[in-house]
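This report concerns only the one structure given below.
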Amino acid sequence: MIADRVREMTGVPVGEARPVGGGDVCAAHRLDADGRTLFAKTLADAPEGFFRAEADGLALLAGTGVVAVPAVVAAAPDVLVLDWIEPGRPSPGAAERLGRDLAALHDSPVEAWGTPGRPAFLGPLPLPSPDARLTDPGDWPAFHAAYRLLPFLRRAADAGAMADGDVRAVERLCARLDEVAGPPQRPVVIHGDLWSGNVHWSATGRAWLIDPAAQGGHPETDLAMLELFGCPHLDRVLAAYEEVRPVPGRAARTGLHQLQHLLVHAVLFGGGYGARCGQVARAALA
């Protein structure tokens, strides 16, 4: 029972666990624990380090002091326990604050690309990182091709989720990524999986960030992911972001920064995602 497991982990009395929706990968529950409301998520046969990686990612985001994330109460290989954040409705004001918060987050430097020395996941899939620390702004194209595009391309191809022509298009893009990557970018803290489902609109009127794949990354990746599947008041989010942190030419690179997540979707879901990966790669090269 999840309530017993959380009681064991936290050492406080825990009431009945009530299932809550919204998760694509894990089972989620709301629990009352000695006057405090908690959120617990579980995953049967979770990959090694899965919940520890999420806890570390939340700590990385929280450490910047500029975005709202739930506090980690306890983490174990089979369970992650967080503070419950009461949900609310998205509003224009909260969206504008989210844009400013993301701009501040993306001005938070880190030493290296990726997550050297610790595991990370994008959904249920592991995110590889180089053993040696890649730190130079000019390293991003090589890092992104080798550790964020090609591993998922190979998995999608092996699963039969991509036609040969689409595979070759992504391979060509990886070989020429430095030509289309835009200005050099130092590694900064990014959420790493910022689709709209990972923006939690709270009852306090602020947007909180959840379920991160937090890492040293390129800030345009977070913005591109928000655009991939849409987000409430997205125009307000992006306008507020640009007021604080303008990014000239970003629109032309949006597809490039969405490609990693499209490849992951091709691995997990197949369907038309493989063909879309090929289209996005060709457009980026054009």
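In the structure tokens, each chain is lettered A, B, ... as it comes, each chain's residues begin at 1, and ligands are numbered from 1 in order of appearance.
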Run DSSP on the backbone and give me the residues of stretch 169-245 of chain A it puts in helix (DSSP H, G or I), as a PyMOL selection string. chain A and resi 169-175+177-180+196-198+219-228+234-244
A:Gly93 environment, 8 Å, only C-alpha atoms, sequence neighbours closer than 3 positions dropped, as a PyMOL selection string: chain A and resi 96-97+205
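Once stretch 3-13 of chain A and its same-chain neighbours fewer than 3 positions away are set aside, Glu16, Ala17, Ala33, Asp34 and Ala74 of chain A remain within 7 Å of it when counting only C-alpha atoms.
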Deliver the residues from the most recent selection as a file, using N, CA, C and O atoms, as an mmCIF file, in the first residue's frame.
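Saved as part-v8.cif:
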data_model
loop_
_atom_site.group_PDB
_atom_site.id
_atom_site.type_symbol
_atom_site.label_atom_id
_atom_site.label_comp_id
_atom_site.auth_asym_id
_atom_site.auth_seq_id
_atom_site.Cartn_x
_atom_site.Cartn_y
_atom_site.Cartn_z
ATOM 1 N N GLU A 16 -5.471 8.003 4.189
ATOM 2 C CA GLU A 16 -5.791 7.278 2.971
ATOM 3 C C GLU A 16 -5.149 7.942 1.751
ATOM 4 O O GLU A 16 -5.104 9.183 1.643
ATOM 5 N N ALA A 17 -4.646 7.137 0.846
ATOM 6 C CA ALA A 17 -4.088 7.629 -0.414
ATOM 7 C C ALA A 17 -5.182 7.682 -1.462
ATOM 8 O O ALA A 17 -5.884 6.693 -1.682
ATOM 9 N N ALA A 33 -0.936 13.731 5.605
ATOM 10 C CA ALA A 33 0.106 13.212 6.487
ATOM 11 C C ALA A 33 0.319 14.163 7.644
ATOM 12 O O ALA A 33 1.036 15.162 7.524
ATOM 13 N N ASP A 34 -0.332 13.877 8.774
ATOM 14 C CA ASP A 34 -0.119 14.643 9.997
ATOM 15 C C ASP A 34 -0.293 16.144 9.765
ATOM 16 O O ASP A 34 0.549 16.955 10.136
ATOM 17 N N ALA A 74 10.744 12.984 0.325
ATOM 18 C CA ALA A 74 11.504 11.740 0.436
ATOM 19 C C ALA A 74 11.587 11.107 -0.946
ATOM 20 O O ALA A 74 10.686 11.261 -1.774
#
Just to confirm, what's the straight-line distance from atom CA of A:Leu226 to atom CA of A:Trp195 in Å (one decimal)?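 Pair atom CA of A:Leu226 / atom CA of A:Trp195 returns 4.9 Å.
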Non-local contacts of A:Val244 (9 Å; only C-alpha atoms; under 6 positions in same chain excluded) as a PyMOL selection string: chain A and resi 99-100+103-104
Can you pull out the residues contacting A:Val267? Cut-off 9 Å, using only C-alpha atoms, and skip same-chain residues under 2 positions away; I want them as a PyMOL selection string. chain A and resi 152-153+155-157+159-161+262-265+269-270+273-274
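The protein and nucleic acid residues lying at most 7 Å from A:Ala213 are Glu54, Gly57, Ala120, Phe121, Leu122, His191, Gly192, Asp193, Asp211 and Gln215 of chain A, with only C-alpha atoms considered and sequence neighbours fewer than 2 positions away removed.
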Saved selection, atoms kept: N, CA, C and O atoms, as a PDB file, in the first residue's frame:
ATOM      1  N   GLU A  54      14.784  12.544 -10.640  1.00  0.00           N
ATOM      2  CA  GLU A  54      13.788  13.608 -10.570  1.00  0.00           C
ATOM      3  C   GLU A  54      13.995  14.472  -9.338  1.00  0.00           C
ATOM      4  O   GLU A  54      13.893  15.714  -9.408  1.00  0.00           O
ATOM      5  N   GLY A  57      16.836  16.717 -10.022  1.00  0.00           N
ATOM      6  CA  GLY A  57      16.445  17.767 -10.948  1.00  0.00           C
ATOM      7  C   GLY A  57      15.635  18.860 -10.281  1.00  0.00           C
ATOM      8  O   GLY A  57      15.834  20.055 -10.542  1.00  0.00           O
ATOM      9  N   ALA A 120      19.817  10.779 -15.489  1.00  0.00           N
ATOM     10  CA  ALA A 120      18.704  11.641 -15.867  1.00  0.00           C
ATOM     11  C   ALA A 120      17.822  10.866 -16.833  1.00  0.00           C
ATOM     12  O   ALA A 120      18.275   9.931 -17.500  1.00  0.00           O
ATOM     13  N   PHE A 121      16.560  11.268 -16.901  1.00  0.00           N
ATOM     14  CA  PHE A 121      15.590  10.577 -17.747  1.00  0.00           C
ATOM     15  C   PHE A 121      14.721  11.602 -18.447  1.00  0.00           C
ATOM     16  O   PHE A 121      14.437  12.680 -17.912  1.00  0.00           O
ATOM     17  N   LEU A 122      14.308  11.255 -19.660  1.00  0.00           N
ATOM     18  CA  LEU A 122      13.294  12.020 -20.373  1.00  0.00           C
ATOM     19  C   LEU A 122      12.098  11.092 -20.510  1.00  0.00           C
ATOM     20  O   LEU A 122      12.120  10.144 -21.304  1.00  0.00           O
ATOM     21  N   HIS A 191      14.715  23.240 -17.595  1.00  0.00           N
ATOM     22  CA  HIS A 191      13.803  22.208 -17.093  1.00  0.00           C
ATOM     23  C   HIS A 191      14.011  20.911 -17.854  1.00  0.00           C
ATOM     24  O   HIS A 191      14.056  19.835 -17.265  1.00  0.00           O
ATOM     25  N   GLY A 192      14.128  20.997 -19.175  1.00  0.00           N
ATOM     26  CA  GLY A 192      14.489  19.847 -19.985  1.00  0.00           C
ATOM     27  C   GLY A 192      13.345  19.035 -20.549  1.00  0.00           C
ATOM     28  O   GLY A 192      13.542  18.262 -21.482  1.00  0.00           O
ATOM     29  N   ASP A 193      12.127  19.184 -19.987  1.00  0.00           N
ATOM     30  CA  ASP A 193      10.958  18.459 -20.505  1.00  0.00           C
ATOM     31  C   ASP A 193       9.723  19.329 -20.322  1.00  0.00           C
ATOM     32  O   ASP A 193       8.706  18.898 -19.774  1.00  0.00           O
ATOM     33  N   ASP A 211       8.060  17.504 -12.758  1.00  0.00           N
ATOM     34  CA  ASP A 211       8.570  16.417 -13.607  1.00  0.00           C
ATOM     35  C   ASP A 211       9.731  16.848 -14.501  1.00  0.00           C
ATOM     36  O   ASP A 211       9.706  16.642 -15.711  1.00  0.00           O
ATOM     37  N   GLN A 215      18.916  19.901 -16.320  1.00  0.00           N
ATOM     38  CA  GLN A 215      20.280  19.652 -16.771  1.00  0.00           C
ATOM     39  C   GLN A 215      20.912  20.957 -17.215  1.00  0.00           C
ATOM     40  O   GLN A 215      20.252  21.993 -17.286  1.00  0.00           O
TER      41      GLN A 215
END
Using only C-alpha atoms for the distances, tell me which of A:Ala251, A:Ser91, A:Pro109, A:Phe51 is nearest to A:Pro77. A:Phe51
Find the residues near A:Asp222: any atom within 12 Å, counting only C-alpha atoms, skip ones fewer than 5 places away on the same chain, and give them as a ChimeraX atom specification. /A:99,102-103,105-106,188-196,198-199,209,212-217,227-228,237-238,241,250,254,256-258,260-261
Between A:Ala275, A:Leu285, A:Leu38, A:Ala95, which is the closest to A:Val73 once you count only C-alpha atoms?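 For A:Val73, the nearest of the candidates is A:Leu38.
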As an NGL selection string, please: every residue in stretch 95-221 of chain A that DSSP puts in strand (DSSP E or B). :A and (109 or 114 or 121-122 or 125-126 or 188-190 or 199-202 or 207-209 or 215-217)
Give me a file of those residues, with all heavy atoms, as a CSV table (one decimal), in the first residue's frame.
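Here's the written file part_21.csv:
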chain,number,residue,atom,x,y,z
A,109,PRO,N,23.8,29.9,-14.8
A,109,PRO,CA,24.8,29.1,-15.5
A,109,PRO,C,25.1,27.8,-14.7
A,109,PRO,O,25.0,27.8,-13.4
A,109,PRO,CB,26.0,30.0,-15.5
A,109,PRO,CG,25.9,30.9,-14.4
A,109,PRO,CD,24.4,31.2,-14.2
A,114,GLY,N,24.5,18.8,-20.0
A,114,GLY,CA,24.0,17.5,-19.5
A,114,GLY,C,24.0,17.4,-18.0
A,114,GLY,O,23.8,18.3,-17.3
A,121,PHE,N,16.6,11.3,-16.9
A,121,PHE,CA,15.6,10.6,-17.7
A,121,PHE,C,14.7,11.6,-18.4
A,121,PHE,O,14.4,12.7,-17.9
A,121,PHE,CB,14.7,9.6,-16.9
A,121,PHE,CG,15.4,8.5,-16.3
A,121,PHE,CD1,16.1,8.6,-15.1
A,121,PHE,CD2,15.5,7.3,-16.9
A,121,PHE,CE1,16.8,7.6,-14.5
A,121,PHE,CE2,16.2,6.2,-16.4
A,121,PHE,CZ,16.8,6.4,-15.2
A,122,LEU,N,14.3,11.3,-19.7
A,122,LEU,CA,13.3,12.0,-20.4
A,122,LEU,C,12.1,11.1,-20.5
A,122,LEU,O,12.1,10.1,-21.3
A,122,LEU,CB,13.8,12.5,-21.7
A,122,LEU,CG,13.0,13.5,-22.5
A,122,LEU,CD1,12.7,14.7,-21.7
A,122,LEU,CD2,13.6,13.8,-23.8
A,125,LEU,N,12.8,7.2,-20.6
A,125,LEU,CA,14.1,6.9,-21.3
A,125,LEU,C,15.3,7.5,-20.6
A,125,LEU,O,15.2,8.7,-20.3
A,125,LEU,CB,13.9,7.3,-22.7
A,125,LEU,CG,12.8,6.7,-23.5
A,125,LEU,CD1,12.8,7.2,-25.0
A,125,LEU,CD2,12.9,5.2,-23.5
A,126,PRO,N,16.4,6.8,-20.5
A,126,PRO,CA,17.6,7.5,-19.9
A,126,PRO,C,18.1,8.5,-20.8
A,126,PRO,O,18.1,8.3,-22.1
A,126,PRO,CB,18.5,6.3,-19.7
A,126,PRO,CG,18.0,5.2,-20.6
A,126,PRO,CD,16.6,5.4,-20.8
A,188,VAL,N,23.2,26.5,-19.3
A,188,VAL,CA,22.5,27.0,-18.3
A,188,VAL,C,21.5,26.0,-17.8
A,188,VAL,O,21.3,25.0,-18.4
A,188,VAL,CB,21.7,28.3,-18.7
A,188,VAL,CG1,22.7,29.4,-19.2
A,188,VAL,CG2,20.7,28.0,-19.8
A,189,VAL,N,20.9,26.3,-16.6
A,189,VAL,CA,19.9,25.4,-16.1
A,189,VAL,C,18.6,25.4,-16.9
A,189,VAL,O,18.1,26.5,-17.1
A,189,VAL,CB,19.6,25.7,-14.6
A,189,VAL,CG1,18.5,24.8,-14.1
A,189,VAL,CG2,20.8,25.6,-13.7
A,190,ILE,N,18.2,24.3,-17.4
A,190,ILE,CA,16.9,24.2,-18.1
A,190,ILE,C,16.0,23.1,-17.4
A,190,ILE,O,16.5,22.2,-16.8
A,190,ILE,CB,17.0,23.9,-19.6
A,190,ILE,CG1,17.6,22.5,-19.8
A,190,ILE,CG2,17.9,25.0,-20.2
A,190,ILE,CD1,17.5,22.1,-21.3
A,199,VAL,N,3.8,22.0,-16.6
A,199,VAL,CA,3.5,23.3,-16.0
A,199,VAL,C,2.3,23.2,-15.1
A,199,VAL,O,1.2,22.9,-15.7
A,199,VAL,CB,3.3,24.4,-17.0
A,199,VAL,CG1,3.0,25.8,-16.4
A,199,VAL,CG2,4.6,24.6,-17.9
A,200,HIS,N,2.4,23.3,-13.8
A,200,HIS,CA,1.3,23.1,-12.9
A,200,HIS,C,0.8,24.5,-12.4
A,200,HIS,O,1.5,25.2,-11.7
A,200,HIS,CB,1.8,22.3,-11.7
A,200,HIS,CG,0.7,22.0,-10.7
A,200,HIS,ND1,-0.2,20.9,-10.8
A,200,HIS,CD2,0.5,22.6,-9.5
A,200,HIS,CE1,-1.0,20.9,-9.8
A,200,HIS,NE2,-0.6,21.9,-9.0
A,201,TRP,N,-0.4,24.8,-12.9
A,201,TRP,CA,-1.0,26.1,-12.5
A,201,TRP,C,-1.6,25.9,-11.1
A,201,TRP,O,-2.5,25.1,-10.9
A,201,TRP,CB,-2.0,26.5,-13.6
A,201,TRP,CG,-1.5,26.5,-15.0
A,201,TRP,CD1,-1.5,25.5,-15.9
A,201,TRP,CD2,-0.8,27.6,-15.6
A,201,TRP,NE1,-0.8,25.9,-17.0
A,201,TRP,CE2,-0.4,27.2,-16.9
A,201,TRP,CE3,-0.5,28.9,-15.1
A,201,TRP,CZ2,0.3,28.0,-17.7
A,201,TRP,CZ3,0.2,29.8,-16.0
A,201,TRP,CH2,0.6,29.3,-17.3
A,202,SER,N,-1.2,26.7,-10.2
A,202,SER,CA,-1.6,26.5,-8.8
A,202,SER,C,-2.7,27.4,-8.4
A,202,SER,O,-2.9,28.5,-9.0
A,202,SER,CB,-0.3,26.7,-7.9
A,202,SER,OG,0.0,28.1,-7.7
A,207,ALA,N,2.6,29.6,-11.6
A,207,ALA,CA,2.8,28.4,-12.3
A,207,ALA,C,4.1,27.7,-11.7
A,207,ALA,O,5.1,28.3,-11.6
A,207,ALA,CB,3.1,28.6,-13.8
A,208,TRP,N,3.9,26.4,-11.4
A,208,TRP,CA,5.0,25.6,-10.8
A,208,TRP,C,5.5,24.7,-11.9
A,208,TRP,O,4.8,24.2,-12.7
A,208,TRP,CB,4.5,24.9,-9.6
A,208,TRP,CG,4.1,25.7,-8.4
A,208,TRP,CD1,3.2,26.7,-8.4
A,208,TRP,CD2,4.7,25.7,-7.1
A,208,TRP,NE1,3.1,27.3,-7.1
A,208,TRP,CE2,4.0,26.6,-6.3
A,208,TRP,CE3,5.7,24.9,-6.5
A,208,TRP,CZ2,4.3,26.9,-5.0
A,208,TRP,CZ3,6.0,25.1,-5.1
A,208,TRP,CH2,5.3,26.1,-4.4
A,209,LEU,N,6.8,24.4,-11.8
A,209,LEU,CA,7.4,23.4,-12.7
A,209,LEU,C,7.5,22.1,-12.1
A,209,LEU,O,8.0,22.0,-10.9
A,209,LEU,CB,8.8,23.9,-13.2
A,209,LEU,CG,8.9,25.3,-13.8
A,209,LEU,CD1,10.3,25.6,-14.3
A,209,LEU,CD2,7.9,25.5,-14.9
A,215,GLN,N,18.9,19.9,-16.3
A,215,GLN,CA,20.3,19.7,-16.8
A,215,GLN,C,20.9,21.0,-17.2
A,215,GLN,O,20.3,22.0,-17.3
A,215,GLN,CB,20.3,18.7,-18.0
A,215,GLN,CG,19.4,19.2,-19.1
A,215,GLN,CD,19.2,18.2,-20.2
A,215,GLN,OE1,20.1,17.9,-21.0
A,215,GLN,NE2,18.0,17.6,-20.2
A,216,GLY,N,22.2,20.9,-17.5
A,216,GLY,CA,22.8,22.0,-18.3
A,216,GLY,C,22.5,21.9,-19.7
A,216,GLY,O,22.8,20.9,-20.4
A,217,GLY,N,21.7,22.9,-20.2
A,217,GLY,CA,21.2,22.7,-21.6
A,217,GLY,C,21.1,24.1,-22.2
A,217,GLY,O,21.6,25.1,-21.8
Quick one, how far is atom CA of A:Met1 from atom CA of A:Ala53?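 One can read the atom CA of A:Met1 to atom CA of A:Ala53 distance as 23.4 Å.
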Interatomic distance, atom CA of A:Val66 to atom CA of A:Gly138 (Å, one decimal): 26.3 Å
Taking into account only C-alpha atoms, which residue in the set A:Ala94, A:Val79, A:Cys231, A:Pro116 is nearest to A:Ser129?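 Checking each of A:Ala94, A:Val79, A:Cys231, A:Pro116 against A:Ser129, counting only C-alpha atoms, the winner is A:Pro116.
With distances restricted to only C-alpha atoms, A:Gly35 is the closest residue to A:Val14 from A:Gly230, A:Gly278, A:Gly35, A:Pro137.
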